[in-house]
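J.: Enclosed is the structure file structure09.cif (mmCIF, C-alpha atoms).
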data_work
#
loop_
_atom_site.label_atom_id
_atom_site.label_comp_id
_atom_site.auth_asym_id
_atom_site.auth_seq_id
_atom_site.Cartn_x
_atom_site.Cartn_y
_atom_site.Cartn_z
CA MET A 1 3.02 7.15 -16.29
CA LYS A 2 2.14 3.79 -14.76
CA LEU A 3 1.69 4.22 -11.03
CA VAL A 4 0.95 1.73 -8.25
CA ILE A 5 -0.37 3.16 -4.98
CA SER A 6 -0.30 1.05 -1.83
CA LEU A 7 -2.96 2.74 0.31
CA GLY A 8 -2.75 1.90 4.00
CA GLY A 9 -6.04 0.60 5.35
CA SER A 10 -5.63 2.78 8.43
CA ARG A 11 -5.82 5.89 6.23
CA VAL A 12 -9.24 4.73 5.04
CA VAL A 13 -10.52 3.41 8.38
CA PRO A 14 -8.41 4.80 11.26
CA ASN A 15 -11.13 4.04 13.86
CA LYS A 16 -14.18 4.59 11.73
CA ILE A 17 -14.47 5.21 7.98
CA ASP A 18 -12.73 8.52 7.22
CA TYR A 19 -15.20 10.17 4.85
CA GLU A 20 -13.14 13.36 4.51
CA PHE A 21 -10.04 11.37 3.55
CA LEU A 22 -12.01 9.44 0.93
CA LYS A 23 -13.32 12.71 -0.55
CA SER A 24 -9.78 14.11 -0.73
CA PHE A 25 -8.42 10.88 -2.23
CA LYS A 26 -11.15 10.85 -4.88
CA LYS A 27 -10.35 14.45 -5.80
CA VAL A 28 -6.63 13.67 -6.23
CA ILE A 29 -7.27 10.51 -8.27
CA ASN A 30 -9.64 12.38 -10.59
CA LYS A 31 -6.95 15.02 -11.05
CA ILE A 32 -4.14 12.62 -12.00
CA LYS A 33 -5.93 9.80 -13.83
CA LYS A 34 -6.37 11.45 -17.25
CA ARG A 35 -2.87 10.82 -18.59
CA ASN A 36 -1.81 8.01 -16.28
CA LYS A 37 -2.54 4.36 -15.54
CA ILE A 38 -3.09 3.85 -11.81
CA VAL A 39 -3.55 0.77 -9.64
CA VAL A 40 -4.59 1.38 -6.02
CA VAL A 41 -3.97 -1.51 -3.61
CA VAL A 42 -5.80 -1.05 -0.31
CA GLY A 43 -4.53 -2.58 2.92
CA GLY A 44 -6.44 -4.10 5.84
CA GLY A 45 -5.13 -1.60 8.39
CA SER A 46 -6.74 -1.19 11.80
CA VAL A 47 -9.80 -3.22 10.78
CA ALA A 48 -7.66 -6.25 9.99
CA ARG A 49 -5.64 -5.84 13.19
CA LYS A 50 -8.81 -5.69 15.31
CA TYR A 51 -10.10 -8.93 13.77
CA ILE A 52 -6.72 -10.63 14.01
CA ASN A 53 -6.08 -9.58 17.61
CA THR A 54 -9.53 -10.84 18.64
CA LEU A 55 -9.00 -14.26 17.06
CA LYS A 56 -5.46 -14.55 18.41
CA LYS A 57 -7.08 -14.94 21.82
CA GLU A 58 -8.73 -18.08 20.46
CA LYS A 59 -5.30 -19.30 19.34
CA LEU A 60 -6.05 -19.49 15.62
CA ASP A 61 -3.05 -20.48 13.51
CA LYS A 62 -1.15 -17.87 11.49
CA LYS A 63 -2.48 -19.10 8.15
CA LYS A 64 -6.08 -18.48 9.21
CA LEU A 65 -5.15 -15.09 10.65
CA SER A 66 -3.39 -14.16 7.41
CA PHE A 67 -6.45 -15.19 5.39
CA LEU A 68 -8.63 -12.96 7.55
CA GLY A 69 -6.29 -10.04 6.88
CA PHE A 70 -6.37 -10.90 3.16
CA GLU A 71 -10.17 -10.74 3.05
CA THR A 72 -10.21 -7.45 4.96
CA THR A 73 -8.06 -5.80 2.28
CA ARG A 74 -10.62 -6.80 -0.33
CA LEU A 75 -13.49 -5.35 1.72
CA ASN A 76 -11.60 -2.06 2.17
CA ALA A 77 -10.75 -2.05 -1.54
CA MET A 78 -14.42 -2.27 -2.48
CA LEU A 79 -15.20 0.67 -0.22
CA VAL A 80 -12.53 2.80 -1.92
CA SER A 81 -13.29 1.56 -5.43
CA ASN A 82 -17.01 2.26 -5.26
CA PHE A 83 -16.41 5.61 -3.57
CA ILE A 84 -14.14 6.88 -6.35
CA GLY A 85 -16.16 5.27 -9.14
CA ALA A 86 -13.71 2.58 -10.25
CA ASN A 87 -14.23 -1.19 -10.73
CA SER A 88 -17.32 -2.64 -9.01
CA SER A 89 -15.75 -5.90 -7.82
CA ALA A 90 -12.35 -6.85 -6.43
CA PRO A 91 -9.89 -8.49 -8.89
CA GLU A 92 -8.91 -12.01 -7.87
CA SER A 93 -5.60 -12.31 -9.75
CA LEU A 94 -2.74 -10.31 -11.26
CA ARG A 95 -4.05 -11.29 -14.67
CA GLU A 96 -7.43 -9.74 -13.89
CA VAL A 97 -5.76 -6.53 -12.66
CA ASN A 98 -3.86 -6.29 -15.96
CA LYS A 99 -7.03 -6.87 -18.00
CA LEU A 100 -8.93 -4.18 -16.11
CA LEU A 101 -6.04 -1.72 -16.49
CA LYS A 102 -6.10 -2.11 -20.27
CA ARG A 103 -9.71 -0.88 -20.29
CA ASN A 104 -9.54 1.66 -17.46
CA ASN A 105 -7.17 4.32 -16.16
CA VAL A 106 -7.82 3.40 -12.52
CA VAL A 107 -8.12 -0.05 -10.93
CA VAL A 108 -8.63 -0.62 -7.19
CA THR A 109 -7.82 -3.94 -5.55
CA GLY A 110 -7.01 -5.59 -2.26
CA ALA A 111 -4.56 -8.45 -1.91
CA VAL A 112 -4.91 -11.11 -4.65
CA GLU A 113 -4.08 -14.83 -4.87
CA PHE A 114 -3.86 -15.68 -1.16
CA LYS A 115 -0.62 -17.11 0.18
CA PRO A 116 0.54 -17.27 3.82
CA LYS A 117 2.59 -14.17 4.72
CA MET A 118 1.14 -12.32 1.72
CA THR A 119 0.36 -8.64 2.36
CA SER A 120 -1.24 -5.75 0.49
CA ASP A 121 2.21 -4.14 0.18
CA GLY A 122 3.50 -7.38 -1.34
CA THR A 123 0.55 -7.47 -3.73
CA ALA A 124 1.20 -3.85 -4.72
CA ALA A 125 4.87 -4.60 -5.42
CA ASP A 126 3.95 -7.68 -7.49
CA ILE A 127 1.51 -5.57 -9.50
CA ALA A 128 4.15 -2.88 -9.99
CA LYS A 129 6.47 -5.54 -11.39
CA SER A 130 3.73 -7.07 -13.55
CA ILE A 131 2.64 -3.80 -15.20
CA LYS A 132 6.22 -2.44 -15.35
CA ALA A 133 5.28 0.54 -13.18
CA ASP A 134 7.29 3.75 -13.37
CA ALA A 135 6.73 4.39 -9.68
CA PHE A 136 5.45 2.73 -6.52
CA VAL A 137 3.88 5.00 -3.89
CA ASN A 138 3.06 3.91 -0.34
CA VAL A 139 0.48 6.22 1.24
CA THR A 140 0.69 5.53 4.95
CA ASN A 141 -0.14 7.22 8.27
CA VAL A 142 3.37 8.50 9.00
CA LYS A 143 5.50 11.10 7.21
CA GLY A 144 7.80 8.51 5.62
CA LEU A 145 10.59 6.17 6.70
CA PHE A 146 12.18 6.52 10.14
CA ASP A 147 15.07 4.60 11.69
CA LYS A 148 12.62 3.33 14.34
CA ASN A 149 8.91 3.61 15.12
CA PRO A 150 8.17 7.36 15.54
CA LYS A 151 4.98 6.56 17.45
CA LYS A 152 6.99 4.78 20.15
CA TYR A 153 10.30 6.65 20.11
CA LYS A 154 10.55 10.44 20.22
CA THR A 155 14.19 10.15 19.12
CA ALA A 156 13.25 8.44 15.83
CA LYS A 157 15.06 10.05 12.90
CA PHE A 158 13.31 10.74 9.60
CA ILE A 159 15.03 9.34 6.49
CA PRO A 160 14.21 11.48 3.40
CA GLU A 161 16.19 9.34 0.93
CA ILE A 162 17.67 5.84 1.00
CA SER A 163 19.06 3.24 -1.40
CA PHE A 164 17.30 -0.06 -2.13
CA LYS A 165 20.19 -1.89 -0.50
CA ASP A 166 20.08 0.07 2.77
CA PHE A 167 16.28 -0.06 2.91
CA SER A 168 16.37 -3.85 2.55
CA LYS A 169 18.75 -4.06 5.51
CA ILE A 170 16.22 -2.25 7.72
CA VAL A 171 13.26 -4.33 6.56
CA ASN A 172 15.06 -7.68 6.84
CA LYS A 173 15.46 -7.12 10.58
CA LEU A 174 11.68 -7.26 11.00
CA LYS A 175 9.86 -10.46 11.85
CA PHE A 176 6.68 -11.17 9.89
CA LYS A 177 3.38 -11.30 11.75
CA PRO A 178 -0.20 -11.11 10.38
CA GLY A 179 -1.47 -7.52 10.47
CA GLN A 180 2.02 -6.11 10.94
CA ASN A 181 2.38 -2.34 10.93
CA PHE A 182 5.43 -0.95 9.09
CA VAL A 183 5.73 1.53 6.21
CA LEU A 184 6.65 -1.27 3.78
CA ASP A 185 7.13 -4.97 4.45
CA GLN A 186 9.71 -7.60 3.52
CA SER A 187 7.93 -9.08 0.50
CA ALA A 188 7.41 -5.65 -1.08
CA ALA A 189 10.96 -4.51 -0.28
CA LYS A 190 12.40 -7.59 -1.97
CA VAL A 191 10.46 -6.99 -5.19
CA ILE A 192 11.04 -3.24 -5.49
CA SER A 193 14.75 -3.68 -4.76
CA LYS A 194 15.23 -6.48 -7.28
CA GLU A 195 13.20 -4.73 -9.99
CA LYS A 196 14.63 -1.27 -9.16
CA ILE A 197 11.17 0.31 -8.97
CA LYS A 198 11.45 3.88 -7.73
CA THR A 199 9.48 4.02 -4.49
CA TYR A 200 7.93 6.90 -2.58
CA ILE A 201 6.59 6.80 0.99
CA THR A 202 4.32 9.66 2.02
CA LYS A 203 1.44 10.61 4.30
CA ASN A 204 0.12 13.46 2.19
CA ILE A 205 -2.08 12.33 -0.70
CA GLU A 206 -1.59 15.70 -2.37
CA ASP A 207 1.99 14.55 -2.99
CA LEU A 208 0.71 12.10 -5.62
CA SER A 209 0.44 14.97 -8.11
CA LYS A 210 3.94 16.18 -7.20
CA ILE A 211 5.41 12.69 -7.62
CA ILE A 212 3.91 12.36 -11.11
CA LYS A 213 5.31 15.79 -12.04
CA LYS A 214 8.66 14.82 -10.45
CA GLU A 215 8.44 17.75 -8.08
CA LYS A 216 9.69 17.94 -4.50
CA PHE A 217 7.42 16.08 -2.07
CA THR A 218 7.24 15.43 1.68
CA GLY A 219 8.28 11.86 2.42
CA THR A 220 10.93 9.25 1.64
CA LEU A 221 12.38 8.32 -1.75
CA ILE A 222 13.84 4.82 -2.19
CA HIS A 223 15.96 4.41 -5.31
CA ASP A 224 19.31 3.22 -6.69
#
Translate the structure described by the file into structure tokens.
T.:
Amino acid sequence: MKLVISLGGSRVVPNKIDYEFLKSFKKVINKIKKRNKIVVVVGGGSVARKYINTLKKEKLDKKKLSFLGFETTRLNAMLVSNFIGANSSAPESLREVNKLLKRNNVVVTGAVEFKPKMTSDGTAADIAKSIKADAFVNVTNVKGLFDKNPKKYKTAKFIPEISFKDFSKIVNKLKFKPGQNFVLDQSAAKVISKEKIKTYITKNIEDLSKIIKKEKFTGTLIHD
């Protein structure tokens, strides 16, 4: 199976580097990599938001803020990649990701080919399209998709399954901002919906094995 994992930066560095999470993630990747091709795309998460929020006070334009977020994803990617024993440097293009994947079962990257409004989720979706992935998994810090932010609203309802069409309706209501925090953003939603890439949103990294085996998992499934 070809699998693309969008790993939220806040799972790696919630406030400080989460060593226990990295150990668990490494264990899971080692377990599933033997018969699969895996690309892990790491987000900027809380680190990116801290940098961006600081420089917003100095009224930097959105392009510069986006570039800062872009670079943070690459720094986080190198932390994860070196920890799990994957590639030693961050790929700089989709072409480079594809080349590395031909030689290795696991490739770790941040965002590639900077563009304004580009995100790690968007990069992950583009990679999923490029390698013709069988599945796209977003490992985030919430259980899955909710009808509104569960951290702000106690009445938020969990959505275990949703169609590409209905998911796109939810995402299209969001307004882009650098460092935005949502389970999956507009650019990624557009790609996975158009390409019909089966998508899983989960908090539990142990679910990666279940997803590969097509077993029941805890989270949200987005499909036709």
J.: Write out as a PDB file with C-alpha atoms, keeping the file's coordinate frame each polymer residue whose atoms come within 8 Å of stretch 20-36 of chain A, counting all atoms listed in the file; drop sequence neighbours fewer than 2 positions from it.
T.:
ATOM      1  CA  MET A   1       3.020   7.150 -16.290  1.00  0.00           C
ATOM      2  CA  LYS A   2       2.140   3.790 -14.760  1.00  0.00           C
ATOM      3  CA  LEU A   3       1.690   4.220 -11.030  1.00  0.00           C
ATOM      4  CA  ARG A  11      -5.820   5.890   6.230  1.00  0.00           C
ATOM      5  CA  VAL A  12      -9.240   4.730   5.040  1.00  0.00           C
ATOM      6  CA  ASP A  18     -12.730   8.520   7.220  1.00  0.00           C
ATOM      7  CA  ILE A  38      -3.090   3.850 -11.810  1.00  0.00           C
ATOM      8  CA  VAL A  80     -12.530   2.800  -1.920  1.00  0.00           C
ATOM      9  CA  PHE A  83     -16.410   5.610  -3.570  1.00  0.00           C
ATOM     10  CA  ILE A  84     -14.140   6.880  -6.350  1.00  0.00           C
ATOM     11  CA  ASN A 105      -7.170   4.320 -16.160  1.00  0.00           C
ATOM     12  CA  VAL A 106      -7.820   3.400 -12.520  1.00  0.00           C
ATOM     13  CA  ILE A 205      -2.080  12.330  -0.700  1.00  0.00           C
ATOM     14  CA  GLU A 206      -1.590  15.700  -2.370  1.00  0.00           C
ATOM     15  CA  LEU A 208       0.710  12.100  -5.620  1.00  0.00           C
ATOM     16  CA  SER A 209       0.440  14.970  -8.110  1.00  0.00           C
TER      17      SER A 209
END
J.: Please, what distance in Å, to one decimal, runs between atom CA of A:Ile131 and atom CA of A:Asn98?
T.: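 Interatomic distance here is 7.0 Å.
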J.: Would you mind telling me which residue in A:Ser66, A:Asn53, A:Asn82, A:Ser120 lies nearest to A:Gly8 when using all atoms listed in the file?
T.: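 The answer is A:Ser120, which sits nearest to A:Gly8.
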J.: Running the PyMOL selection byres ((chain A and resi 113) around 7) on this model by hand, what would come out? Give it as a tab-separated table (two decimals) with C-alpha atoms, in the coordinates of the input.
T.:
chain	number	residue	atom	x	y	z
A	92	GLU	CA	-8.91	-12.01	-7.87
A	93	SER	CA	-5.60	-12.31	-9.75
A	112	VAL	CA	-4.91	-11.11	-4.65
A	114	PHE	CA	-3.86	-15.68	-1.16
A	115	LYS	CA	-0.62	-17.11	0.18
J.: Given the point (-13.1, -6.2, 2.2) in the coordinates of this file, which residues lie within 10 Å, counting only C-alpha atoms, and how would they look as a ChimeraX atom specification?
T.: /A:42-44,47-48,68-80,90,109-111
J.: Would you mind reading off the distance between atom CA of A:Val13 and atom CA of A:Leu100, one decimal, in Å?
T.: 25.7 Å
J.: Would you kindly translate the PyMOL selection byres ((chain A and resi 160) around 8) into the concrete residues it picks from this file, as a list in words?
T.: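 Here the PyMOL selection byres ((chain A and resi 160) around 8) matches Gly144, Leu145, Phe158, Ile159, Glu161, Ile162, Gly219, Thr220 and Leu221 of chain A.
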J.: Could you give me, as a PyMOL selection string, the residues within 9 Å of A:Asp126, counting all atoms listed in the file and dropping anything in the same chain fewer than 6 positions from it?
T.: chain A and resi 94+188+191-192
J.: Would you work out the distance separating atom CA of A:Lys62 from atom CA of A:Ser6, expressed in Å to one decimal?
T.: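 Atom CA of A:Ser6 lies 23.2 Å from atom CA of A:Lys62.
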J.: Once the PyMOL selection byres ((chain A and resi 157) around 6) has been evaluated on this model, what residues remain selected, and can you format them as a PyMOL selection string?
T.: chain A and resi 146-147+156+158
J.: Ranking A:Ile17, A:Met118, A:Val142, A:Leu60 by minimum distance to A:Asp185 and counting all atoms listed in the file, which one comes first?
T.: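 Ranked by minimum distance to A:Asp185, first place goes to A:Met118.
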J.: When you count all atoms listed in the file, which of these residues is closest to A:Ala189: A:Glu215, A:Asp121, A:Glu96, A:Asp207?
T.: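 Between A:Glu215, A:Asp121, A:Glu96, A:Asp207, the residue approaching A:Ala189 most closely is A:Asp121.
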J.: Using all atoms listed in the file, collect all residues at a distance of at most 9 Å from (2.7, 6.3, -6.4) as written in the file, then present them as a PDB file with C-alpha atoms, in the coordinates of the input.
T.:
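Dumped everything to point_26.pdb:
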ATOM      1  CA  LYS A   2       2.140   3.790 -14.760  1.00  0.00           C
ATOM      2  CA  LEU A   3       1.690   4.220 -11.030  1.00  0.00           C
ATOM      3  CA  VAL A   4       0.950   1.730  -8.250  1.00  0.00           C
ATOM      4  CA  ILE A   5      -0.370   3.160  -4.980  1.00  0.00           C
ATOM      5  CA  SER A   6      -0.300   1.050  -1.830  1.00  0.00           C
ATOM      6  CA  ILE A  38      -3.090   3.850 -11.810  1.00  0.00           C
ATOM      7  CA  VAL A  39      -3.550   0.770  -9.640  1.00  0.00           C
ATOM      8  CA  VAL A  40      -4.590   1.380  -6.020  1.00  0.00           C
ATOM      9  CA  ASP A 134       7.290   3.750 -13.370  1.00  0.00           C
ATOM     10  CA  ALA A 135       6.730   4.390  -9.680  1.00  0.00           C
ATOM     11  CA  PHE A 136       5.450   2.730  -6.520  1.00  0.00           C
ATOM     12  CA  VAL A 137       3.880   5.000  -3.890  1.00  0.00           C
ATOM     13  CA  ASN A 138       3.060   3.910  -0.340  1.00  0.00           C
ATOM     14  CA  VAL A 139       0.480   6.220   1.240  1.00  0.00           C
ATOM     15  CA  THR A 199       9.480   4.020  -4.490  1.00  0.00           C
ATOM     16  CA  TYR A 200       7.930   6.900  -2.580  1.00  0.00           C
ATOM     17  CA  ILE A 201       6.590   6.800   0.990  1.00  0.00           C
ATOM     18  CA  ASP A 207       1.990  14.550  -2.990  1.00  0.00           C
ATOM     19  CA  LEU A 208       0.710  12.100  -5.620  1.00  0.00           C
ATOM     20  CA  ILE A 211       5.410  12.690  -7.620  1.00  0.00           C
ATOM     21  CA  ILE A 212       3.910  12.360 -11.110  1.00  0.00           C
TER      22      ILE A 212
END
J.: Which residue out of A:Thr155, A:Ser187, A:Ser130, A:Thr202 has the minimum interatomic distance to A:Leu101 when all atoms listed in the file are used?
T.: A:Ser130
J.: So, with all atoms listed in the file as the atoms that count, which of A:Lys143, A:Lys196, A:Lys99, A:Lys154 lies closest to A:Ala128?
T.: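 Closest residue, counting all atoms listed in the file: A:Lys196.
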J.: Extract stretch 137-175 of chain A from the coordinates I pasted, and write it as a PDB file, in the first residue's frame (atoms kept: N, CA and C atoms).
T.:
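So decode.pdb came out as:
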ATOM      1  N   VAL A 137      -3.713   9.807   5.407  1.00  0.00           N
ATOM      2  CA  VAL A 137      -4.055   9.802   6.832  1.00  0.00           C
ATOM      3  C   VAL A 137      -3.580  11.092   7.479  1.00  0.00           C
ATOM      4  N   ASN A 138      -4.492  11.784   8.152  1.00  0.00           N
ATOM      5  CA  ASN A 138      -4.127  12.995   8.879  1.00  0.00           C
ATOM      6  C   ASN A 138      -4.091  12.671  10.367  1.00  0.00           C
ATOM      7  N   VAL A 139      -2.882  12.668  10.934  1.00  0.00           N
ATOM      8  CA  VAL A 139      -2.716  12.422  12.368  1.00  0.00           C
ATOM      9  C   VAL A 139      -2.677  13.774  13.062  1.00  0.00           C
ATOM     10  N   THR A 140      -3.730  14.065  13.812  1.00  0.00           N
ATOM     11  CA  THR A 140      -3.874  15.386  14.402  1.00  0.00           C
ATOM     12  C   THR A 140      -4.038  15.277  15.919  1.00  0.00           C
ATOM     13  N   ASN A 141      -4.383  16.391  16.577  1.00  0.00           N
ATOM     14  CA  ASN A 141      -4.478  16.355  18.042  1.00  0.00           C
ATOM     15  C   ASN A 141      -5.918  16.297  18.544  1.00  0.00           C
ATOM     16  N   VAL A 142      -6.845  15.989  17.648  1.00  0.00           N
ATOM     17  CA  VAL A 142      -8.237  15.751  18.042  1.00  0.00           C
ATOM     18  C   VAL A 142      -8.677  14.400  17.476  1.00  0.00           C
ATOM     19  N   LYS A 143      -9.770  13.882  17.997  1.00  0.00           N
ATOM     20  CA  LYS A 143     -10.248  12.539  17.653  1.00  0.00           C
ATOM     21  C   LYS A 143     -10.513  12.357  16.160  1.00  0.00           C
ATOM     22  N   GLY A 144     -10.987  13.408  15.502  1.00  0.00           N
ATOM     23  CA  GLY A 144     -11.338  13.336  14.086  1.00  0.00           C
ATOM     24  C   GLY A 144     -12.032  14.621  13.690  1.00  0.00           C
ATOM     25  N   LEU A 145     -12.993  14.529  12.795  1.00  0.00           N
ATOM     26  CA  LEU A 145     -13.724  15.702  12.321  1.00  0.00           C
ATOM     27  C   LEU A 145     -14.946  15.964  13.200  1.00  0.00           C
ATOM     28  N   PHE A 146     -15.136  17.229  13.558  1.00  0.00           N
ATOM     29  CA  PHE A 146     -16.315  17.665  14.306  1.00  0.00           C
ATOM     30  C   PHE A 146     -17.025  18.749  13.507  1.00  0.00           C
ATOM     31  N   ASP A 147     -18.301  18.990  13.819  1.00  0.00           N
ATOM     32  CA  ASP A 147     -19.043  20.017  13.091  1.00  0.00           C
ATOM     33  C   ASP A 147     -18.608  21.429  13.478  1.00  0.00           C
ATOM     34  N   LYS A 148     -17.905  21.561  14.611  1.00  0.00           N
ATOM     35  CA  LYS A 148     -17.283  22.819  15.023  1.00  0.00           C
ATOM     36  C   LYS A 148     -16.130  22.492  15.968  1.00  0.00           C
ATOM     37  N   ASN A 149     -15.354  23.481  16.316  1.00  0.00           N
ATOM     38  CA  ASN A 149     -14.141  23.262  17.107  1.00  0.00           C
ATOM     39  C   ASN A 149     -14.471  22.668  18.484  1.00  0.00           C
ATOM     40  N   PRO A 150     -14.081  21.407  18.740  1.00  0.00           N
ATOM     41  CA  PRO A 150     -14.410  20.768  20.018  1.00  0.00           C
ATOM     42  C   PRO A 150     -13.675  21.370  21.211  1.00  0.00           C
ATOM     43  N   LYS A 151     -12.601  22.111  20.935  1.00  0.00           N
ATOM     44  CA  LYS A 151     -11.852  22.747  22.019  1.00  0.00           C
ATOM     45  C   LYS A 151     -12.537  24.024  22.502  1.00  0.00           C
ATOM     46  N   LYS A 152     -13.408  24.569  21.651  1.00  0.00           N
ATOM     47  CA  LYS A 152     -14.132  25.793  22.004  1.00  0.00           C
ATOM     48  C   LYS A 152     -15.584  25.529  22.365  1.00  0.00           C
ATOM     49  N   TYR A 153     -16.172  24.504  21.734  1.00  0.00           N
ATOM     50  CA  TYR A 153     -17.606  24.250  21.912  1.00  0.00           C
ATOM     51  C   TYR A 153     -17.846  22.843  22.458  1.00  0.00           C
ATOM     52  N   LYS A 154     -18.416  22.777  23.657  1.00  0.00           N
ATOM     53  CA  LYS A 154     -18.707  21.479  24.275  1.00  0.00           C
ATOM     54  C   LYS A 154     -19.797  20.718  23.521  1.00  0.00           C
ATOM     55  N   THR A 155     -20.592  21.452  22.732  1.00  0.00           N
ATOM     56  CA  THR A 155     -21.692  20.827  21.983  1.00  0.00           C
ATOM     57  C   THR A 155     -21.250  20.302  20.618  1.00  0.00           C
ATOM     58  N   ALA A 156     -19.955  20.427  20.310  1.00  0.00           N
ATOM     59  CA  ALA A 156     -19.448  19.962  19.010  1.00  0.00           C
ATOM     60  C   ALA A 156     -19.737  18.479  18.821  1.00  0.00           C
ATOM     61  N   LYS A 157     -20.233  18.133  17.628  1.00  0.00           N
ATOM     62  CA  LYS A 157     -20.598  16.745  17.341  1.00  0.00           C
ATOM     63  C   LYS A 157     -19.527  16.066  16.476  1.00  0.00           C
ATOM     64  N   PHE A 158     -19.130  14.886  16.898  1.00  0.00           N
ATOM     65  CA  PHE A 158     -18.140  14.102  16.158  1.00  0.00           C
ATOM     66  C   PHE A 158     -18.767  13.515  14.896  1.00  0.00           C
ATOM     67  N   ILE A 159     -18.014  13.555  13.789  1.00  0.00           N
ATOM     68  CA  ILE A 159     -18.487  13.023  12.507  1.00  0.00           C
ATOM     69  C   ILE A 159     -17.609  11.823  12.134  1.00  0.00           C
ATOM     70  N   PRO A 160     -18.092  10.591  12.318  1.00  0.00           N
ATOM     71  CA  PRO A 160     -17.265   9.407  12.042  1.00  0.00           C
ATOM     72  C   PRO A 160     -17.053   9.113  10.560  1.00  0.00           C
ATOM     73  N   GLU A 161     -17.965   9.593   9.711  1.00  0.00           N
ATOM     74  CA  GLU A 161     -17.884   9.300   8.273  1.00  0.00           C
ATOM     75  C   GLU A 161     -18.559  10.420   7.493  1.00  0.00           C
ATOM     76  N   ILE A 162     -17.958  10.798   6.365  1.00  0.00           N
ATOM     77  CA  ILE A 162     -18.505  11.901   5.578  1.00  0.00           C
ATOM     78  C   ILE A 162     -18.055  11.750   4.121  1.00  0.00           C
ATOM     79  N   SER A 163     -18.853  12.261   3.205  1.00  0.00           N
ATOM     80  CA  SER A 163     -18.494  12.202   1.783  1.00  0.00           C
ATOM     81  C   SER A 163     -17.533  13.336   1.446  1.00  0.00           C
ATOM     82  N   PHE A 164     -16.800  13.181   0.334  1.00  0.00           N
ATOM     83  CA  PHE A 164     -15.912  14.245  -0.126  1.00  0.00           C
ATOM     84  C   PHE A 164     -16.695  15.543  -0.325  1.00  0.00           C
ATOM     85  N   LYS A 165     -17.866  15.427  -0.921  1.00  0.00           N
ATOM     86  CA  LYS A 165     -18.687  16.595  -1.230  1.00  0.00           C
ATOM     87  C   LYS A 165     -19.074  17.357   0.027  1.00  0.00           C
ATOM     88  N   ASP A 166     -19.564  16.642   1.038  1.00  0.00           N
ATOM     89  CA  ASP A 166     -19.993  17.299   2.275  1.00  0.00           C
ATOM     90  C   ASP A 166     -18.809  17.841   3.070  1.00  0.00           C
ATOM     91  N   PHE A 167     -17.681  17.142   3.015  1.00  0.00           N
ATOM     92  CA  PHE A 167     -16.486  17.632   3.702  1.00  0.00           C
ATOM     93  C   PHE A 167     -16.009  18.943   3.075  1.00  0.00           C
ATOM     94  N   SER A 168     -16.038  19.005   1.748  1.00  0.00           N
ATOM     95  CA  SER A 168     -15.623  20.221   1.046  1.00  0.00           C
ATOM     96  C   SER A 168     -16.486  21.412   1.433  1.00  0.00           C
ATOM     97  N   LYS A 169     -17.767  21.177   1.656  1.00  0.00           N
ATOM     98  CA  LYS A 169     -18.679  22.254   2.065  1.00  0.00           C
ATOM     99  C   LYS A 169     -18.261  22.853   3.402  1.00  0.00           C
ATOM    100  N   ILE A 170     -17.843  21.986   4.333  1.00  0.00           N
ATOM    101  CA  ILE A 170     -17.397  22.461   5.647  1.00  0.00           C
ATOM    102  C   ILE A 170     -16.113  23.269   5.512  1.00  0.00           C
ATOM    103  N   VAL A 171     -15.150  22.723   4.780  1.00  0.00           N
ATOM    104  CA  VAL A 171     -13.837  23.354   4.651  1.00  0.00           C
ATOM    105  C   VAL A 171     -13.911  24.679   3.901  1.00  0.00           C
ATOM    106  N   ASN A 172     -14.762  24.762   2.886  1.00  0.00           N
ATOM    107  CA  ASN A 172     -14.855  25.977   2.078  1.00  0.00           C
ATOM    108  C   ASN A 172     -15.400  27.174   2.843  1.00  0.00           C
ATOM    109  N   LYS A 173     -15.975  26.925   4.010  1.00  0.00           N
ATOM    110  CA  LYS A 173     -16.474  28.028   4.843  1.00  0.00           C
ATOM    111  C   LYS A 173     -15.349  28.689   5.635  1.00  0.00           C
ATOM    112  N   LEU A 174     -14.195  28.021   5.681  1.00  0.00           N
ATOM    113  CA  LEU A 174     -13.066  28.543   6.446  1.00  0.00           C
ATOM    114  C   LEU A 174     -12.306  29.587   5.642  1.00  0.00           C
ATOM    115  N   LYS A 175     -11.742  30.549   6.350  1.00  0.00           N
ATOM    116  CA  LYS A 175     -10.923  31.569   5.700  1.00  0.00           C
ATOM    117  C   LYS A 175      -9.456  31.251   5.974  1.00  0.00           C
TER     118      LYS A 175
END
